[in-house]
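K.L.:
Input file: structure_7.txt. Contents: compact mmCIF, C-alpha atoms and all ligand atoms.
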```txt
# COMPACT_ATOMS: atom_id res chain seq x y z
CA MET A 1 -10.81 27.70 -0.15
CA ILE A 2 -13.96 25.80 -1.02
CA LEU A 3 -14.24 22.50 -2.85
CA ARG A 4 -17.69 23.08 -4.29
CA ASN A 5 -20.40 20.50 -5.03
CA GLY A 6 -18.30 17.36 -5.10
CA HIS A 7 -19.66 13.99 -4.03
CA VAL A 8 -18.14 14.01 -0.55
CA ILE A 9 -17.45 10.63 1.02
CA ASP A 10 -16.16 10.34 4.56
CA PRO A 11 -16.97 6.94 6.09
CA GLU A 12 -15.72 8.09 9.49
CA ASN A 13 -18.49 10.71 9.69
CA GLY A 14 -21.09 8.87 7.63
CA ILE A 15 -20.97 11.48 4.86
CA ASN A 16 -21.95 10.31 1.37
CA GLU A 17 -23.60 13.17 -0.52
CA VAL A 18 -23.00 16.12 -2.81
CA CYS A 19 -21.84 19.09 -0.74
CA ASP A 20 -18.94 21.47 -0.10
CA VAL A 21 -15.70 21.18 1.85
CA LYS A 22 -14.07 24.30 3.21
CA ILE A 23 -10.34 24.44 3.89
CA THR A 24 -8.90 27.16 6.09
CA GLY A 25 -5.13 27.20 6.33
CA SER A 26 -4.02 23.61 6.84
CA LEU A 27 -7.29 22.34 8.31
CA ILE A 28 -10.77 21.30 7.29
CA ALA A 29 -13.03 24.13 8.43
CA ALA A 30 -16.46 22.92 7.38
CA VAL A 31 -18.38 20.28 5.41
CA GLY A 32 -21.87 21.19 4.34
CA HIS A 33 -24.24 22.67 1.79
CA ASP A 34 -23.88 26.09 0.17
CA LEU A 35 -20.91 27.15 2.29
CA ASP A 36 -20.20 30.86 2.16
CA ALA A 37 -17.57 31.47 -0.52
CA GLU A 38 -17.05 35.14 0.31
CA GLY A 39 -13.34 35.82 -0.11
CA GLU A 40 -12.57 32.15 -0.79
CA ALA A 41 -11.00 30.47 -3.81
CA VAL A 42 -13.49 27.97 -5.26
CA LEU A 43 -12.73 24.69 -7.02
CA ASP A 44 -15.72 23.33 -8.90
CA CYS A 45 -15.86 19.62 -8.01
CA ARG A 46 -19.11 18.74 -9.78
CA GLY A 47 -18.95 15.19 -11.09
CA ALA A 48 -15.99 14.31 -8.86
CA TYR A 49 -15.59 12.59 -5.52
CA VAL A 50 -14.03 14.55 -2.67
CA ILE A 51 -12.54 12.05 -0.23
CA PRO A 52 -9.98 11.92 2.57
CA GLY A 53 -6.48 11.59 1.11
CA LEU A 54 -5.45 8.01 0.44
CA VAL A 55 -2.99 6.39 2.83
CA ASP A 56 -0.58 3.75 1.55
CA LEU A 57 0.89 1.55 4.26
CA HIS A 58 3.34 -0.10 1.86
CA VAL A 59 5.73 1.65 -0.50
CA HIS A 60 9.40 1.36 -1.40
CA LEU A 61 11.00 4.78 -1.82
CA ARG A 62 14.55 3.37 -2.27
CA ASP A 63 16.07 6.31 -0.46
CA PRO A 64 18.77 6.22 0.81
CA GLY A 65 20.98 4.07 -1.34
CA GLN A 66 19.01 3.03 -4.44
CA THR A 67 18.14 6.42 -5.86
CA ALA A 68 18.43 5.28 -9.48
CA LYS A 69 15.13 3.48 -8.79
CA GLU A 70 13.34 6.22 -6.79
CA THR A 71 13.95 9.04 -4.31
CA LEU A 72 11.93 10.58 -1.50
CA ARG A 73 11.09 13.37 -3.92
CA THR A 74 9.97 11.26 -6.91
CA GLY A 75 8.30 8.59 -4.79
CA THR A 76 6.16 11.06 -2.89
CA ALA A 77 5.37 12.98 -6.11
CA ALA A 78 4.10 9.67 -7.53
CA ALA A 79 2.07 9.09 -4.37
CA ALA A 80 0.50 12.57 -4.63
CA ALA A 81 -0.36 11.88 -8.28
CA GLY A 82 -2.09 8.73 -7.08
CA GLY A 83 -4.26 10.61 -4.57
CA PHE A 84 -2.16 9.58 -1.57
CA THR A 85 -1.48 12.05 1.21
CA ALA A 86 0.61 9.73 3.39
CA VAL A 87 2.83 6.74 2.66
CA ALA A 88 4.74 4.25 4.78
CA PRO A 89 8.16 3.56 3.27
CA MET A 90 9.55 0.09 3.90
CA PRO A 91 12.95 -0.20 5.57
CA ASN A 92 14.72 -2.30 2.91
CA THR A 93 16.79 0.67 1.78
CA THR A 94 20.60 0.73 1.57
CA PRO A 95 21.50 0.73 4.39
CA ALA A 96 18.37 -0.72 5.99
CA THR A 97 16.30 1.69 8.08
CA ASP A 98 17.01 -0.11 11.34
CA SER A 99 17.70 2.54 13.99
CA ALA A 100 16.32 5.64 15.65
CA GLU A 101 19.01 7.71 13.88
CA LYS A 102 17.89 6.52 10.45
CA ILE A 103 14.20 7.04 11.26
CA ALA A 104 15.02 10.55 12.55
CA GLU A 105 16.96 11.27 9.36
CA LEU A 106 13.92 10.31 7.26
CA VAL A 107 11.65 12.50 9.37
CA ARG A 108 14.11 15.37 9.00
CA ARG A 109 14.49 14.98 5.22
CA ALA A 110 10.75 14.63 4.69
CA LYS A 111 10.24 18.31 5.53
CA ASP A 112 12.16 19.40 2.43
CA GLU A 113 11.84 16.47 0.08
CA CYS A 114 8.41 14.90 0.53
CA CYS A 115 5.19 16.40 -0.78
CA VAL A 116 3.07 13.88 1.14
CA LYS A 117 3.37 12.74 4.75
CA LEU A 118 5.85 10.04 5.64
CA LEU A 119 4.98 7.25 8.07
CA PRO A 120 8.39 5.66 8.67
CA VAL A 121 8.76 1.93 9.27
CA THR A 122 11.70 0.45 11.17
CA ALA A 123 13.34 -2.85 10.33
CA VAL A 124 12.73 -5.62 12.87
CA THR A 125 16.38 -6.70 12.98
CA ILE A 126 19.66 -4.90 12.46
CA GLY A 127 20.51 -4.76 8.77
CA GLN A 128 17.40 -6.91 8.16
CA GLU A 129 19.74 -9.80 8.79
CA GLY A 130 17.30 -11.67 10.97
CA THR A 131 19.59 -12.18 13.94
CA THR A 132 19.67 -9.16 16.28
CA MET A 133 16.56 -7.22 17.20
CA ALA A 134 16.67 -3.50 16.34
CA ASP A 135 16.11 -0.99 19.16
CA LEU A 136 12.38 -0.82 18.57
CA ALA A 137 11.60 1.50 21.47
CA ALA A 138 14.12 4.07 20.23
CA ALA A 139 12.87 3.72 16.64
CA LYS A 140 9.32 4.32 17.82
CA ALA A 141 10.38 7.35 19.85
CA ALA A 142 12.06 8.72 16.70
CA GLY A 143 8.85 8.42 14.70
CA ALA A 144 8.50 4.84 13.44
CA VAL A 145 4.82 3.87 13.17
CA ALA A 146 5.41 0.16 12.55
CA MET A 147 8.14 -2.45 12.16
CA SER A 148 8.69 -4.67 9.15
CA GLU A 149 11.33 -6.92 7.61
CA ASP A 150 9.64 -6.44 4.20
CA GLY A 151 11.38 -8.14 1.33
CA LYS A 152 11.57 -11.20 3.57
CA SER A 153 10.36 -12.73 6.83
CA VAL A 154 12.32 -12.98 10.06
CA MET A 155 12.90 -16.72 9.73
CA ASP A 156 14.33 -17.34 13.22
CA ILE A 157 11.14 -17.78 15.19
CA THR A 158 12.74 -17.12 18.57
CA VAL A 159 14.17 -13.78 17.41
CA TYR A 160 10.83 -13.00 15.82
CA ARG A 161 8.75 -13.82 18.87
CA GLU A 162 10.99 -11.69 21.03
CA ALA A 163 10.50 -8.75 18.63
CA LEU A 164 6.73 -9.27 18.66
CA ARG A 165 6.72 -9.30 22.47
CA GLU A 166 8.70 -6.09 22.56
CA ALA A 167 6.50 -4.47 19.90
CA ALA A 168 3.38 -5.52 21.80
CA LYS A 169 4.63 -3.59 24.83
CA LEU A 170 5.33 -0.56 22.65
CA GLY A 171 2.06 -0.72 20.73
CA LEU A 172 4.04 -0.95 17.49
CA PRO A 173 2.32 -2.98 14.74
CA MET A 174 4.23 -5.59 12.71
CA PHE A 175 3.86 -5.37 8.92
CA ALA A 176 4.44 -8.98 7.97
CA HIS A 177 5.86 -10.02 4.62
CA CYS A 178 5.12 -13.74 4.75
CA GLU A 179 7.59 -15.89 2.84
CA ASP A 180 9.23 -19.07 4.05
CA ARG A 181 12.71 -18.73 2.59
CA SER A 182 13.44 -22.44 2.89
CA LEU A 183 10.45 -23.24 0.65
CA VAL A 184 11.17 -20.70 -2.11
CA ALA A 185 13.57 -23.03 -3.94
CA GLY A 186 14.58 -20.47 -6.55
CA GLY A 187 11.00 -19.71 -7.58
CA VAL A 188 10.45 -16.53 -9.61
CA ILE A 189 6.80 -16.82 -10.69
CA ASN A 190 3.64 -18.45 -9.34
CA ALA A 191 3.77 -22.25 -9.46
CA GLY A 192 1.04 -23.01 -11.99
CA VAL A 193 0.06 -22.20 -15.56
CA ALA A 194 2.65 -19.45 -16.02
CA SER A 195 5.62 -21.33 -14.56
CA GLU A 196 4.72 -24.29 -16.76
CA LYS A 197 4.24 -22.24 -19.92
CA LEU A 198 7.49 -20.33 -19.46
CA GLY A 199 9.50 -23.20 -17.97
CA LEU A 200 10.42 -21.18 -14.88
CA PRO A 201 10.78 -22.35 -11.26
CA GLY A 202 7.54 -21.75 -9.36
CA ILE A 203 6.68 -20.15 -6.02
CA THR A 204 4.04 -22.31 -4.34
CA ASP A 205 1.20 -21.08 -2.12
CA ALA A 206 2.86 -22.79 0.85
CA VAL A 207 5.76 -20.30 0.69
CA GLU A 208 3.28 -17.64 1.79
CA ASP A 209 0.70 -19.68 3.70
CA VAL A 210 3.12 -21.37 6.13
CA ILE A 211 4.51 -18.08 7.42
CA THR A 212 1.09 -16.43 7.33
CA ALA A 213 -0.18 -19.08 9.75
CA ARG A 214 2.91 -18.70 11.95
CA ASP A 215 2.55 -14.93 12.12
CA LEU A 216 -1.17 -14.96 12.88
CA ILE A 217 -0.64 -17.54 15.63
CA LEU A 218 2.15 -15.44 17.14
CA ALA A 219 -0.11 -12.37 17.07
CA GLY A 220 -2.51 -14.34 19.23
CA GLU A 221 0.23 -15.45 21.60
CA THR A 222 2.15 -12.19 21.96
CA GLY A 223 -0.67 -9.69 21.63
CA CYS A 224 1.32 -7.79 18.99
CA HIS A 225 -0.79 -6.37 16.18
CA VAL A 226 0.27 -8.30 13.08
CA HIS A 227 -0.73 -6.68 9.80
CA LEU A 228 -0.36 -9.05 6.86
CA CYS A 229 1.28 -7.42 3.86
CA HIS A 230 0.22 -8.19 0.28
CA VAL A 231 -1.96 -11.26 0.89
CA SER A 232 -2.08 -13.12 -2.42
CA THR A 233 -3.47 -16.63 -1.88
CA ALA A 234 -7.01 -17.82 -1.20
CA PHE A 235 -5.76 -19.82 1.78
CA ALA A 236 -3.90 -16.91 3.38
CA ALA A 237 -7.09 -14.83 3.13
CA GLU A 238 -8.94 -17.70 4.83
CA LEU A 239 -6.32 -17.83 7.59
CA LEU A 240 -6.79 -14.10 8.18
CA ARG A 241 -10.53 -14.62 8.42
CA ILE A 242 -10.04 -17.39 11.00
CA ALA A 243 -7.57 -15.34 13.07
CA LYS A 244 -10.02 -12.44 13.13
CA GLU A 245 -12.83 -14.74 14.22
CA ALA A 246 -10.54 -15.95 17.01
CA GLY A 247 -10.20 -12.36 18.17
CA TYR A 248 -6.50 -12.10 17.42
CA PRO A 249 -5.04 -8.58 16.95
CA VAL A 250 -4.58 -8.89 13.19
CA SER A 251 -5.32 -6.97 10.01
CA GLY A 252 -4.52 -7.48 6.37
CA GLU A 253 -3.81 -5.65 3.18
CA VAL A 254 -4.29 -6.66 -0.42
CA CYS A 255 -2.57 -5.12 -3.44
CA PRO A 256 -4.32 -4.00 -6.62
CA HIS A 257 -2.17 -6.21 -8.83
CA HIS A 258 -3.24 -9.32 -6.93
CA PHE A 259 -6.97 -8.68 -7.34
CA ALA A 260 -6.80 -7.05 -10.80
CA MET A 261 -4.56 -9.56 -12.58
CA CYS A 262 -3.54 -13.22 -12.40
CA ASP A 263 -0.87 -15.54 -13.73
CA ASP A 264 -2.76 -16.66 -16.83
CA GLU A 265 -2.44 -13.06 -18.10
CA ILE A 266 1.36 -13.15 -18.15
CA PRO A 267 2.00 -13.09 -21.91
CA SER A 268 5.73 -13.78 -22.07
CA ASP A 269 8.98 -13.71 -20.12
CA ASP A 270 8.39 -10.04 -19.21
CA ALA A 271 9.62 -9.07 -15.73
CA ASN A 272 7.11 -6.21 -15.52
CA TYR A 273 4.82 -9.03 -14.39
CA LYS A 274 7.28 -10.15 -11.70
CA MET A 275 6.65 -9.32 -8.05
CA ASN A 276 6.73 -11.02 -4.69
CA PRO A 277 4.36 -12.54 -3.78
CA PRO A 278 3.68 -13.31 -7.44
CA LEU A 279 0.54 -12.91 -9.53
CA ARG A 280 -1.36 -15.99 -8.39
CA SER A 281 -3.95 -18.19 -10.10
CA ARG A 282 -7.30 -16.99 -11.40
CA ALA A 283 -8.96 -18.88 -8.54
CA ASP A 284 -6.82 -16.98 -6.01
CA MET A 285 -7.64 -13.66 -7.67
CA GLU A 286 -11.34 -14.45 -7.49
CA ALA A 287 -11.05 -15.59 -3.87
CA LEU A 288 -9.35 -12.29 -2.98
CA ARG A 289 -12.22 -10.35 -4.58
CA LYS A 290 -14.72 -12.45 -2.65
CA ALA A 291 -12.80 -11.90 0.61
CA ILE A 292 -12.69 -8.14 -0.05
CA GLY A 293 -16.46 -8.19 -0.58
CA ASP A 294 -16.83 -10.11 2.69
CA GLY A 295 -14.80 -7.50 4.58
CA VAL A 296 -11.89 -9.80 5.43
CA PHE A 297 -9.30 -7.23 4.36
CA ASP A 298 -8.78 -3.94 6.17
CA CYS A 299 -6.91 -2.08 3.51
CA ILE A 300 -5.50 -1.80 0.04
CA SER A 301 -1.79 -1.01 -0.17
CA THR A 302 0.32 -0.77 -3.28
CA ASP A 303 3.72 -2.39 -2.52
CA HIS A 304 4.97 0.30 -4.91
CA ALA A 305 8.35 -1.23 -5.86
CA PRO A 306 10.21 0.79 -8.48
CA HIS A 307 13.18 -0.72 -10.34
CA THR A 308 15.18 0.54 -13.32
CA ALA A 309 14.26 -0.41 -16.89
CA GLU A 310 17.64 -2.08 -17.27
CA GLU A 311 17.02 -4.32 -14.23
CA LYS A 312 13.53 -5.18 -15.43
CA SER A 313 14.78 -6.05 -18.94
CA ARG A 314 16.54 -9.16 -17.63
CA GLY A 315 13.54 -11.50 -17.77
CA PHE A 316 11.84 -13.40 -14.95
CA ALA A 317 14.88 -15.44 -13.98
CA LYS A 318 17.16 -12.48 -13.30
CA ALA A 319 15.11 -9.30 -12.78
CA PRO A 320 14.30 -8.09 -9.25
CA PHE A 321 10.79 -8.59 -7.83
CA GLY A 322 8.38 -5.65 -7.78
CA ILE A 323 6.13 -3.32 -9.76
CA VAL A 324 5.18 0.33 -9.28
CA GLY A 325 1.73 0.97 -7.88
CA SER A 326 1.22 4.48 -6.55
CA GLU A 327 -0.15 5.91 -9.77
CA THR A 328 -2.38 2.99 -10.75
CA ALA A 329 -3.84 1.95 -7.39
CA PHE A 330 -6.97 4.09 -7.31
CA ALA A 331 -7.99 3.31 -10.90
CA LEU A 332 -7.32 -0.42 -10.61
CA SER A 333 -9.20 -0.59 -7.31
CA TYR A 334 -12.13 1.52 -8.47
CA THR A 335 -12.42 -0.41 -11.74
CA THR A 336 -12.07 -3.91 -10.32
CA LEU A 337 -13.82 -3.53 -6.99
CA VAL A 338 -16.38 -0.73 -7.31
CA LYS A 339 -17.26 -1.04 -11.01
CA GLY A 340 -16.80 -4.79 -10.61
CA GLY A 341 -19.47 -4.86 -7.91
CA CYS A 342 -17.42 -6.23 -4.96
CA ILE A 343 -17.71 -3.14 -2.75
CA ASP A 344 -19.21 0.34 -2.82
CA MET A 345 -17.29 3.59 -3.00
CA PRO A 346 -17.48 4.36 0.76
CA THR A 347 -15.95 0.93 1.44
CA LEU A 348 -13.16 1.66 -1.01
CA VAL A 349 -12.46 4.93 0.80
CA ARG A 350 -12.45 3.05 4.08
CA MET A 351 -9.92 0.55 2.68
CA MET A 352 -7.64 3.17 1.10
CA SER A 353 -7.82 5.90 3.73
CA THR A 354 -9.77 5.42 6.97
CA ASN A 355 -8.52 1.96 7.93
CA PRO A 356 -4.84 2.36 7.04
CA SER A 357 -4.82 5.61 9.04
CA LYS A 358 -6.23 3.82 12.08
CA ILE A 359 -3.74 0.95 11.87
CA VAL A 360 -0.82 3.33 12.40
CA GLY A 361 -2.62 6.02 14.43
CA HIS A 362 -2.26 8.56 11.62
CA THR A 363 -4.36 11.72 11.93
CA GLY A 364 -5.64 11.46 8.35
CA GLY A 365 -8.36 9.36 6.80
CA THR A 366 -11.19 11.70 7.72
CA LEU A 367 -12.81 14.96 6.69
CA SER A 368 -13.74 15.86 10.27
CA VAL A 369 -13.79 19.57 10.99
CA GLY A 370 -10.45 20.45 12.56
CA ALA A 371 -8.63 17.54 10.91
CA PRO A 372 -5.65 18.22 8.62
CA ALA A 373 -6.89 19.08 5.12
CA ASP A 374 -5.50 15.92 3.51
CA ILE A 375 -7.89 15.44 0.61
CA ALA A 376 -8.09 13.75 -2.78
CA VAL A 377 -10.42 14.79 -5.61
CA VAL A 378 -11.04 11.82 -7.90
CA THR A 379 -13.46 10.71 -10.59
CA GLY A 380 -14.68 7.46 -12.03
CA GLU A 381 -14.07 8.54 -15.61
CA GLU A 382 -12.63 6.16 -18.18
CA CYS A 383 -8.99 6.59 -19.11
CA THR A 384 -5.89 4.70 -20.14
CA ILE A 385 -2.93 3.95 -17.88
CA ASP A 386 0.11 5.57 -19.48
CA VAL A 387 3.55 5.03 -17.92
CA SER A 388 4.94 8.04 -19.77
CA GLU A 389 2.84 10.20 -17.42
CA PHE A 390 4.23 8.64 -14.22
CA LYS A 391 6.04 10.87 -11.75
CA SER A 392 7.76 7.79 -10.36
CA LYS A 393 11.21 6.97 -11.70
CA GLY A 394 9.92 3.41 -11.98
CA LYS A 395 8.04 2.56 -15.16
CA ASN A 396 7.81 -1.12 -14.28
CA THR A 397 4.15 -2.03 -14.47
CA PRO A 398 2.19 -4.66 -16.40
CA PHE A 399 -0.78 -2.27 -16.59
CA ASP A 400 0.55 0.19 -19.18
CA GLY A 401 -2.10 0.75 -21.82
CA ARG A 402 -4.91 -0.79 -19.75
CA ARG A 403 -8.32 0.87 -20.03
CA VAL A 404 -9.58 1.70 -16.56
CA TYR A 405 -12.09 3.84 -14.73
CA GLY A 406 -10.70 6.25 -12.16
CA LYS A 407 -8.67 9.40 -12.32
CA VAL A 408 -7.07 11.58 -9.66
CA LEU A 409 -7.73 15.28 -10.30
CA ALA A 410 -6.14 16.92 -7.27
CA THR A 411 -4.43 16.07 -4.00
CA TYR A 412 -4.14 18.37 -0.98
CA VAL A 413 -1.82 17.88 1.99
CA ASP A 414 -2.38 20.18 4.96
CA GLY A 415 -4.47 22.35 2.67
CA ARG A 416 -1.70 22.75 0.12
CA ARG A 417 -2.21 21.44 -3.39
CA VAL A 418 0.51 18.86 -4.11
CA TYR A 419 -1.02 17.46 -7.30
O1 LIG B 1 7.82 -7.42 -5.20
C1 LIG B 1 8.43 -7.05 -4.21
N1 LIG B 1 9.29 -6.02 -4.25
N2 LIG B 1 8.26 -7.72 -3.08
C2 LIG B 1 9.01 -7.50 -2.02
O2 LIG B 1 8.82 -8.15 -1.04
C3 LIG B 1 10.09 -6.52 -2.05
C4 LIG B 1 9.83 -5.49 -3.06
C5 LIG B 1 11.04 -4.66 -3.37
O3 LIG B 1 11.69 -4.15 -2.44
O4 LIG B 1 11.36 -4.50 -4.56
ZN ZN B 2 6.88 -7.71 0.78
ZN ZN B 3 7.11 -4.48 -0.22
```
What do you get writing this file as structure tokens?

P.N.:
Amino acid sequence: MILRNGHVIDPENGINEVCDVKITGSLIAAVGHDLDAEGEAVLDCRGAYVIPGLVDLHVHLRDPGQTAKETLRTGTAAAAAGGFTAVAPMPNTTPATDSAEKIAELVRRAKDECCVKLLPVTAVTIGQEGTTMADLAAAKAAGAVAMSEDGKSVMDITVYREALREAAKLGLPMFAHCEDRSLVAGGVINAGVASEKLGLPGITDAVEDVITARDLILAGETGCHVHLCHVSTAFAAELLRIAKEAGYPVSGEVCPHHFAMCDDEIPSDDANYKMNPPLRSRADMEALRKAIGDGVFDCISTDHAPHTAEEKSRGFAKAPFGIVGSETAFALSYTTLVKGGCIDMPTLVRMMSTNPSKIVGHTGGTLSVGAPADIAVVTGEECTIDVSEFKSKGKNTPFDGRRVYGKVLATYVDGRRVY
């Protein structure tokens, strides 16, 4: 088929112009002007962007074990609706995804149950208990593209360094959730205006910054690629900048909620505003935008973290951390960063597709001829975020009703329309 006259953006090949994309079978067959449509289905893409499918290095699909929150099926349907063609599910499932067998099971189930590609992530330690290293080599052989203890950090630094050394040998990147458990002290919201207004225990910047520094330093020492998850503080962004300048093998992601919203916008004790790391201060939010503009961050990931309405009705003190993000990420990013003047559209595509693909060696993130036809068709039109339209089981977002620019019209995986 032919995607006709869209604004095609492919940073990898330096394409940024109105032209056609031809899909033959599961592959991209041609990109160019006035492609021959003889015998082809044609989708008129005038006024829309045609871009490589988005790649999300950070989602929680809750499957197995927490399927009231999400399943492989609903989580990947939500991803497709968000323009994503591949997602990396975090291993904090029940039980934790901590072995080659469990990775293999995910890979096997994905064929039937996932409408986008799965990039499995193994836990660093068995049961994510922080004591015994998982068999990382076997997990990698079974299909894991990274390791992560997401939901927490491996606090025992000797266990952690050993895992980083092993992962360095394997070429397996570490997706680092940076949180010093001993500093959390029961915090449920950013320490600052919101914690004071609501009288709730606060999470300080140090909780994140201390472990961020540790992890970046260990990347330098071990040679393991450390990818910082959901960087939320100005100082952590600065640490990433310094580590990159030092030539350490590091990268970093930022989540839409952290650059699109901050703690002074939390109106009440509503746990749809609760996630970890928390919505930080306005100064942090602005520093993240500045850092994005400066090219400090490699990618945008969602930390899509569905929970049930009942769980999220318990208020900040008792509800679990996390908000959904698959179906709001493009619009929040386009609105805040592109419309907001931080970056241009090709840079956004780089951050949501090209770079995340490279970090895990995924064969997406490009419209090169011969590449898999993983494609998103999106626009910058104005619309309203409406949770009732979400494919995700999770409706937990603070962005319901927000006016934004950015809409996903269609998503193709291996040439097949999945949204
Ligand atoms: O907000 C979060 N939700 N942060 C995490 O680290 C874990 C995640 C989850 O699993 O719900
Ligand atoms: Zn996390
Ligand atoms: Zn997470």

K.L.:
When you count all atoms listed in the file, which of these residues is closest to ligand ZN 2 (chain B): A:Arg73, A:His33, A:His227, A:Arg161?

P.N.:
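Of A:Arg73, A:His33, A:His227, A:Arg161, the one nearest ligand ZN 2 (chain B), counting all atoms listed in the file, is A:His227.
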
K.L.:
Counting all atoms listed in the file, note down every residue that has an atom within 12 Å of the point (-5.3, 7.8, -12.3) (file coordinates), as a VMD selection string.

P.N.:
chain A and resid 78 to 84 325 to 335 376 to 387 389 to 391 399 to 400 402 to 411 419

K.L.:
Counting all atoms listed in the file, which residues of chain A sit at most 10 Å from some atom of ligand LIG 1 (chain B), and what is each one's closest atom pair with its distance in Å to one decimal, listed by chain and rising residue number, as CSV?

P.N.:
```
residue,atom,partner,partner_atom,distance
A:His58,CA,B:LIG1,C4,9.8
A:Val59,CA,B:LIG1,O3,8.5
A:His60,CA,B:LIG1,O3,6.1
A:Leu61,CA,B:LIG1,O3,9.0
A:Arg62,CA,B:LIG1,O3,8.0
A:Lys69,CA,B:LIG1,O4,9.8
A:Met90,CA,B:LIG1,O3,7.9
A:Pro91,CA,B:LIG1,O3,9.0
A:Asn92,CA,B:LIG1,O3,6.4
A:Thr93,CA,B:LIG1,O3,8.2
A:Glu149,CA,B:LIG1,O2,9.1
A:Asp150,CA,B:LIG1,O2,5.6
A:Gly151,CA,B:LIG1,O2,3.5
A:Lys152,CA,B:LIG1,O2,6.2
A:Ser153,CA,B:LIG1,O2,9.2
A:His177,CA,B:LIG1,O2,6.7
A:Cys178,CA,B:LIG1,O2,8.9
A:Glu179,CA,B:LIG1,O2,8.7
A:Cys229,CA,B:LIG1,O2,9.0
A:His230,CA,B:LIG1,O2,8.7
A:Tyr273,CA,B:LIG1,O1,9.8
A:Lys274,CA,B:LIG1,O1,7.1
A:Met275,CA,B:LIG1,O1,3.6
A:Asn276,CA,B:LIG1,O1,3.8
A:Pro277,CA,B:LIG1,N2,6.2
A:Pro278,CA,B:LIG1,O1,7.5
A:Asp303,CA,B:LIG1,C1,6.8
A:His304,CA,B:LIG1,N1,7.7
A:Ala305,CA,B:LIG1,O4,4.6
A:Pro306,CA,B:LIG1,O4,6.7
A:His307,CA,B:LIG1,O4,7.1
A:Pro320,CA,B:LIG1,O4,6.6
A:Phe321,CA,B:LIG1,O1,4.1
A:Gly322,CA,B:LIG1,O1,3.2
A:Ile323,CA,B:LIG1,O1,6.4
A:Val324,CA,B:LIG1,N1,9.1
```

K.L.:
Considering all atoms listed in the file, can you say which of A:Ala243, A:Val154, A:Ala283, A:Ile103 comes closest to ligand ZN 2 (chain B)?

P.N.:
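Closest candidate: A:Val154.
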
K.L.:
So which one's closest to Thr212 (chain A), A:Ile51, A:Val159, A:Cys224, A:Leu240? Using only C-alpha atoms, please.

P.N.:
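Selected residue with least distance to Thr212 (chain A): A:Leu240.
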
K.L.:
For Glu221 (chain A), which residue out of A:Arg165, A:Lys290, A:Arg280, A:Arg350 is the nearest one, using all atoms listed in the file?

P.N.:
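Checking each candidate against Glu221 (chain A), we get A:Arg165 as the closest.
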
K.L.:
Hey, can you check how far CA of Met345 (chain A) sits from CA of His225 (chain A)?

P.N.:
27.2 Å

K.L.:
So which residues touch region 6-20 of chain A within 12 Å, counting all atoms listed in the file, skipping near sequence neighbours fewer than 3 positions away, as a count of residues only?

P.N.:
55

K.L.:
Would you mind telling me which residue in A:Leu337, A:Ala138, A:Leu288, A:Val231 lies nearest to ligand ZN 3 (chain B) when using all atoms listed in the file?

P.N.:
A:Val231

K.L.:
Would you mind telling me which residue in A:Thr363, A:Ser388, A:Ala213, A:Gly75 lies nearest to Gly401 (chain A) when using all atoms listed in the file?

P.N.:
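For Gly401 (chain A), the nearest of the given residues is A:Ser388.
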
K.L.:
To one decimal in Å, tell me the separation between CA of Ser251 (chain A) and CA of Thr97 (chain A).

P.N.:
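Spanning CA of Ser251 (chain A) to CA of Thr97 (chain A) is a straight-line distance of 23.4 Å.
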
K.L.:
Pick out the residues sitting within 9 Å of Ile266 (chain A), and hand them over as a PyMOL selection string; count only C-alpha atoms, and ignore anything fewer than 3 positions along from it in its own chain.

P.N.:
chain A and resi 194+261-263+269-270+273+279+398

K.L.:
For the atom pair CA of Ala96 (chain A) and CA of Gln66 (chain A), what is the interatomic distance in Å to one decimal place?

P.N.:
11.1 Å

K.L.:
So that I can check the surroundings of Leu136 (chain A), please list as a PyMOL selection string every protein, DNA and RNA residue that reaches within 12 Å of it, counting only C-alpha atoms and ignoring chain neighbours fewer than 2 positions away.

P.N.:
chain A and resi 97-101+103+121-126+132-134+138-148+162-174

K.L.:
Would you mind listing what lies within 10 Å of Asp209 (chain A) as a PyMOL selection string, with all atoms listed in the file counted and same-chain residues fewer than 5 positions away left out?

P.N.:
chain A and resi 178-180+204+214-215+231-239

K.L.:
Place N, CA and C atoms on region 143-149 of chain A and deliver the coordinates as a compact mmCIF listing (two decimals), in the frame of the given file.

P.N.:
```txt
# COMPACT_ATOMS: atom_id res chain seq x y z
N GLY A 143 9.93 8.18 15.67
CA GLY A 143 8.85 8.42 14.70
C GLY A 143 8.38 7.21 13.91
N ALA A 144 8.96 6.02 14.17
CA ALA A 144 8.50 4.84 13.44
C ALA A 144 7.06 4.51 13.86
N VAL A 145 6.22 4.19 12.87
CA VAL A 145 4.82 3.87 13.17
C VAL A 145 4.57 2.36 13.12
N ALA A 146 5.57 1.61 12.66
CA ALA A 146 5.41 0.16 12.55
C ALA A 146 6.80 -0.44 12.38
N MET A 147 6.89 -1.77 12.50
CA MET A 147 8.14 -2.45 12.16
C MET A 147 7.84 -3.44 11.04
N SER A 148 8.86 -3.71 10.24
CA SER A 148 8.69 -4.67 9.15
C SER A 148 10.04 -5.16 8.69
N GLU A 149 10.10 -6.40 8.22
CA GLU A 149 11.33 -6.92 7.61
C GLU A 149 11.08 -7.04 6.10
```
